[in-house]
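These notes are about the structure you will find just below.
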Amino acid sequence: MYKYRRGTRAASAAVAVLALTAGLAACGGDSLEGDDSGEKGSGKGGGSGKGTIVVGSAGFTESKVMAELYSQILADAGYKTSIKTVENRELYEPSLEKGQIDVVPEYAATLAEFLNTEKNGPDAKPVASSDVDDTVAALEKLAEPLGLKVLPPGKAVDQNAFAVTKKYAEKNDLKTLSDLGKTDLKVKVAAGDECEVRPFCAPGLKKTYGIDVTGIDPKGVGTPQAKQAVKDGTDQLVLTTTTDATLENFDLVLLDDDKKLQNADNILPVVNAKDAGDKEIAAALGKLTETLTTDDLVQLNRKVDAERVKEADAAKEYLESKGLTGK
C-alpha cells in the first residue's frame, strides 16, 4: 500500500500556493553544496558549546516549516543550527547517512518504504502499514544499519485523505469513509491517474469501504483543479492529504479513514546516530514531537501558503505559543 511520493506532493503544493498567493516569491533554502557555516532562520546563533546541528528540509512548505521548528527548538536548547534545503529524499537521505545533514523531519511509512525499496528493490514486499508502532519498528530495522536513528513518532500525521463538500457531507450524513460506502452513491474521484490501480486509492475505497467508484478524474493529488471539480459537483471525492491547508477555500471537509486504509505517516525526527544521536538532542526534539498535532500542521501550512508568513516566523510564533522556547 503505497503513498504518493513526496515529489508529487511538492508539485501539487506548489500549484496550490500559486493559486492562493500569486506573485509570492518562493522561500529558498541553503544549497546542500553550500558552505556549512551558512545559517538560516531564527535558529542561528544559539550555540553555547554544544556543537552545530544541520537540519535538512525537502522543497515543500510543510518540510520547510518542520525544519524551522527543529532548528529553533534545538537552538533554544543551546545548539548552533543551520538549515539545508534539498529538493527530494533521493538527495537528502544519503546526505543524512554521510553526516552532511544531522537531522531531518520525516514521515514514518513513506521513509520505511523508501528505504525498503532502496534495499530490496522496487518490487519489495511493503513493510509499512496503518499501525504506527509496527511501521516505526520496520523503519528502525532498515535505518539502523545505515547509521540512522529513528526518534519516537508523534500525533501529527500527513497521509493520504479524501474530502467531499460540506453540503454533500451534510446531505448524506457523512463523517467517515464507511458512511459513504453505506450510501451506495456513485462516486467519481478527483486524483492522480495512478488512483485507478493504487491500493490506497480506488481499489482500497472499493474493497475496504464498499464505495462505488465509477471513475477517476485525473486532475492531480490535492490540486486546486481537483478540489474545484468536487466543489462544482463534477466529482464527488478528492484525494488530498490530512494536512491540506486549503480545504476551507473550497468548502471541503475530510472524511475519516475509520478502517485505516492509509499507512501510518506520522511525523518523526530521523538523525545521524553518530553526529546527533545523543539524549539532549532527542529530548529537545521530543518536546516538539509530543506537542505537535495534525491540526497544528494544517494551521502552520496555512500561515505560510495563504497568509504569506515566512516559515521561520510561523515556527517561532508556534513554539512560543506552546511554551516550547523562550521569547
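Chains: A, B, ... in order of the C-alpha cells. Residues: from 1 per chain. Ligands: from 1, in order shown.
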* **Close residues, Ala264 (chain A) itself excluded, 7 Å, only C-alpha atoms, min 6 positions apart in chain, as an NGL selection string** => :A and (108-109 or 129-132 or 135)
Any chance you can output those residues with N, CA and C atoms as a compact mmCIF listing (two decimals), in the first residue's frame?
```
# COMPACT_ATOMS: atom_id res chain seq x y z
N ALA A 108 6.92 8.42 8.73
CA ALA A 108 7.28 7.05 9.08
C ALA A 108 7.07 6.06 7.93
N ALA A 109 5.87 5.97 7.40
CA ALA A 109 5.58 4.97 6.37
C ALA A 109 6.31 5.26 5.07
N SER A 129 2.48 -0.07 7.32
CA SER A 129 1.06 -0.40 7.45
C SER A 129 0.35 0.75 8.15
N SER A 130 -0.91 0.56 8.48
CA SER A 130 -1.66 1.59 9.21
C SER A 130 -1.31 1.60 10.69
N ASP A 131 -0.59 0.60 11.16
CA ASP A 131 -0.17 0.53 12.56
C ASP A 131 1.15 1.28 12.73
N VAL A 132 1.11 2.36 13.47
CA VAL A 132 2.30 3.21 13.58
C VAL A 132 3.44 2.50 14.29
N THR A 135 5.00 0.04 11.90
CA THR A 135 5.68 0.76 10.82
C THR A 135 7.00 1.34 11.30
```
* Tell me, which residues of region 81-307 of chain A carry DSSP helix (DSSP H, G or I), written as an MDAnalysis selection string? -> chainID A and resid 89:98 108:120 132:146 166:171 177:183 193:196 202:209 224:232 247:250 273:276 279:291 294:305
Sorted by chain and rising residue number, which residues of region 181-233 of chain A lie within 8 Å of region 250-262 of chain A, and what are their closest atom pairs and distances in Å to one decimal, counting only C-alpha atoms, as JSON lines?
```
{"residue": "A:Phe200", "atom": "CA", "partner": "A:Gln262", "partner_atom": "CA", "distance": 6.0}
{"residue": "A:Gly204", "atom": "CA", "partner": "A:Leu261", "partner_atom": "CA", "distance": 6.8}
{"residue": "A:Thr208", "atom": "CA", "partner": "A:Leu261", "partner_atom": "CA", "distance": 7.1}
{"residue": "A:Tyr209", "atom": "CA", "partner": "A:Lys259", "partner_atom": "CA", "distance": 7.8}
{"residue": "A:Lys227", "atom": "CA", "partner": "A:Phe250", "partner_atom": "CA", "distance": 6.5}
{"residue": "A:Gln228", "atom": "CA", "partner": "A:Phe250", "partner_atom": "CA", "distance": 6.6}
{"residue": "A:Lys231", "atom": "CA", "partner": "A:Phe250", "partner_atom": "CA", "distance": 6.1}
```
* **region 232-239 of chain A surroundings by only C-alpha atoms, 10 Å radius, close-in-sequence under 2 positions cut, as a VMD selection string** => chain A and resid 160 to 165 168 185 to 192 195 201 to 202 213 215 to 217 219 to 223 226 to 230 241 to 242 250 252 254 to 255
* To do: Show which residues sit within 9 Å of region 142-159 of chain A, as a PyMOL selection string. Count only C-alpha atoms, and ignore same-chain residues fewer than 2 positions away.
  => chain A and resi 3+96-98+107-108+112+115-116+119+132-133+136-140+161+240-244+262-274+276-277+282+285-286+288-297
Those same residues, written as a PDB file, in the first residue's frame with C-alpha atoms?
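Result file is selection32.pdb:
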```pdb
ATOM      1  CA  LYS A   3       1.603   6.626  -0.621  1.00  0.00           C
ATOM      2  CA  LEU A  96      21.925  12.259   6.293  1.00  0.00           C
ATOM      3  CA  GLU A  97      23.785   8.941   6.201  1.00  0.00           C
ATOM      4  CA  LYS A  98      27.077  10.731   5.476  1.00  0.00           C
ATOM      5  CA  TYR A 107       7.227  10.535   7.580  1.00  0.00           C
ATOM      6  CA  ALA A 108       7.277   7.045   9.078  1.00  0.00           C
ATOM      7  CA  ALA A 112      10.151   3.000   5.580  1.00  0.00           C
ATOM      8  CA  LEU A 115      14.471   2.509   2.451  1.00  0.00           C
ATOM      9  CA  ASN A 116      12.738  -0.810   1.782  1.00  0.00           C
ATOM     10  CA  LYS A 119      17.485  -2.167  -0.091  1.00  0.00           C
ATOM     11  CA  VAL A 132       2.295   3.211  13.584  1.00  0.00           C
ATOM     12  CA  ASP A 133       4.212   1.015  16.056  1.00  0.00           C
ATOM     13  CA  VAL A 136       8.242   2.514  13.034  1.00  0.00           C
ATOM     14  CA  ALA A 137       9.697  -0.845  14.097  1.00  0.00           C
ATOM     15  CA  ALA A 138      10.153  -1.776  10.427  1.00  0.00           C
ATOM     16  CA  LEU A 139      11.695   1.618   9.747  1.00  0.00           C
ATOM     17  CA  GLU A 140      14.163   1.221  12.606  1.00  0.00           C
ATOM     18  CA  ALA A 161      -7.035  11.530   2.783  1.00  0.00           C
ATOM     19  CA  THR A 240      -5.618  15.066  -0.850  1.00  0.00           C
ATOM     20  CA  THR A 241      -3.731  14.886   2.476  1.00  0.00           C
ATOM     21  CA  THR A 242      -4.573  15.238   6.159  1.00  0.00           C
ATOM     22  CA  THR A 243      -2.599  18.490   6.415  1.00  0.00           C
ATOM     23  CA  ASP A 244      -4.140  20.183   3.371  1.00  0.00           C
ATOM     24  CA  GLN A 262      -3.823   4.516   4.728  1.00  0.00           C
ATOM     25  CA  ASN A 263      -0.321   3.844   6.000  1.00  0.00           C
ATOM     26  CA  ALA A 264       0.856   5.475   9.228  1.00  0.00           C
ATOM     27  CA  ASP A 265       2.756   8.533   8.022  1.00  0.00           C
ATOM     28  CA  ASN A 266       3.283  10.034  11.455  1.00  0.00           C
ATOM     29  CA  ILE A 267       5.953  12.716  11.560  1.00  0.00           C
ATOM     30  CA  LEU A 268       9.156  11.894  13.429  1.00  0.00           C
ATOM     31  CA  PRO A 269      12.777  13.053  13.584  1.00  0.00           C
ATOM     32  CA  VAL A 270      15.469  10.912  11.983  1.00  0.00           C
ATOM     33  CA  VAL A 271      19.052  11.706  12.972  1.00  0.00           C
ATOM     34  CA  ASN A 272      22.561  10.686  12.047  1.00  0.00           C
ATOM     35  CA  ALA A 273      23.269   8.384  15.003  1.00  0.00           C
ATOM     36  CA  LYS A 274      26.969   9.238  15.241  1.00  0.00           C
ATOM     37  CA  ALA A 276      23.306  13.738  16.510  1.00  0.00           C
ATOM     38  CA  GLY A 277      22.283  10.657  18.445  1.00  0.00           C
ATOM     39  CA  ALA A 282      16.369  13.609  21.358  1.00  0.00           C
ATOM     40  CA  LEU A 285      13.043  17.314  19.555  1.00  0.00           C
ATOM     41  CA  GLY A 286      10.838  15.075  21.675  1.00  0.00           C
ATOM     42  CA  LEU A 288       8.057  19.270  19.895  1.00  0.00           C
ATOM     43  CA  THR A 289       7.041  15.822  18.657  1.00  0.00           C
ATOM     44  CA  GLU A 290       4.844  15.252  21.707  1.00  0.00           C
ATOM     45  CA  THR A 291       3.136  18.632  21.298  1.00  0.00           C
ATOM     46  CA  LEU A 292       2.596  18.946  17.546  1.00  0.00           C
ATOM     47  CA  THR A 293      -0.777  17.786  16.163  1.00  0.00           C
ATOM     48  CA  THR A 294      -2.107  17.311  12.656  1.00  0.00           C
ATOM     49  CA  ASP A 295      -4.297  20.389  13.065  1.00  0.00           C
ATOM     50  CA  ASP A 296      -1.248  22.391  14.181  1.00  0.00           C
ATOM     51  CA  LEU A 297       0.424  21.445  10.902  1.00  0.00           C
TER      52      LEU A 297
END
```
* Enumerate as a VMD selection string all residues of region 88-230 of chain A assigned to strand (DSSP E or B) by DSSP on the backbone, naming them with the chain letters and numbers the document uses. => chain A and resid 103 to 107 148 to 150 157 160 to 165 176 186 to 191 212 to 218
Counting only C-alpha atoms, which residues of region 91-209 of chain A fall within 9 Å of region 63-67 of chain A, and what is the closest atom pair for each with its distance in Å at one decimal, ordered by chain and rising number, as a Markdown table?
```
| residue | atom | partner | partner_atom | distance |
| --- | --- | --- | --- | --- |
| A:Val103 | CA | A:Ala67 | CA | 8.9 |
| A:Val104 | CA | A:Ala67 | CA | 7.2 |
| A:Pro105 | CA | A:Met66 | CA | 6.3 |
| A:Glu106 | CA | A:Ser63 | CA | 8.3 |
```
Just the selected residues (C-alpha atoms), exported as a tab-separated table (two decimals), in the first residue's frame, please.
```tsv
chain	number	residue	atom	x	y	z
A	103	VAL	CA	18.53	15.59	11.43
A	104	VAL	CA	15.51	15.56	9.10
A	105	PRO	CA	11.77	15.70	9.81
A	106	GLU	CA	10.40	12.54	8.22
```
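Going from CA of Leu319 (chain A) to CA of Asn301 (chain A) covers 14.7 Å.
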* Considering only C-alpha atoms, state which residue in the set A:Val197, A:Ile53, A:Asp212, A:Asn172 is at the smallest distance from Asp184 (chain A). =>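 For Asp184 (chain A), the nearest of the candidates is A:Asp212.
For the atom pair formed by CA of Ser321 (chain A) and CA of Thr61 (chain A), the distance is 20.5 Å, given to one decimal.
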* Compare A:Asp179, A:Glu93, A:Asp275, A:Glu68 by their minimum atom-to-atom distance to Gly210 (chain A), counting only C-alpha atoms, and give me the closest one. =>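 Answer, going by the shortest atom-to-atom distance: A:Asp179.
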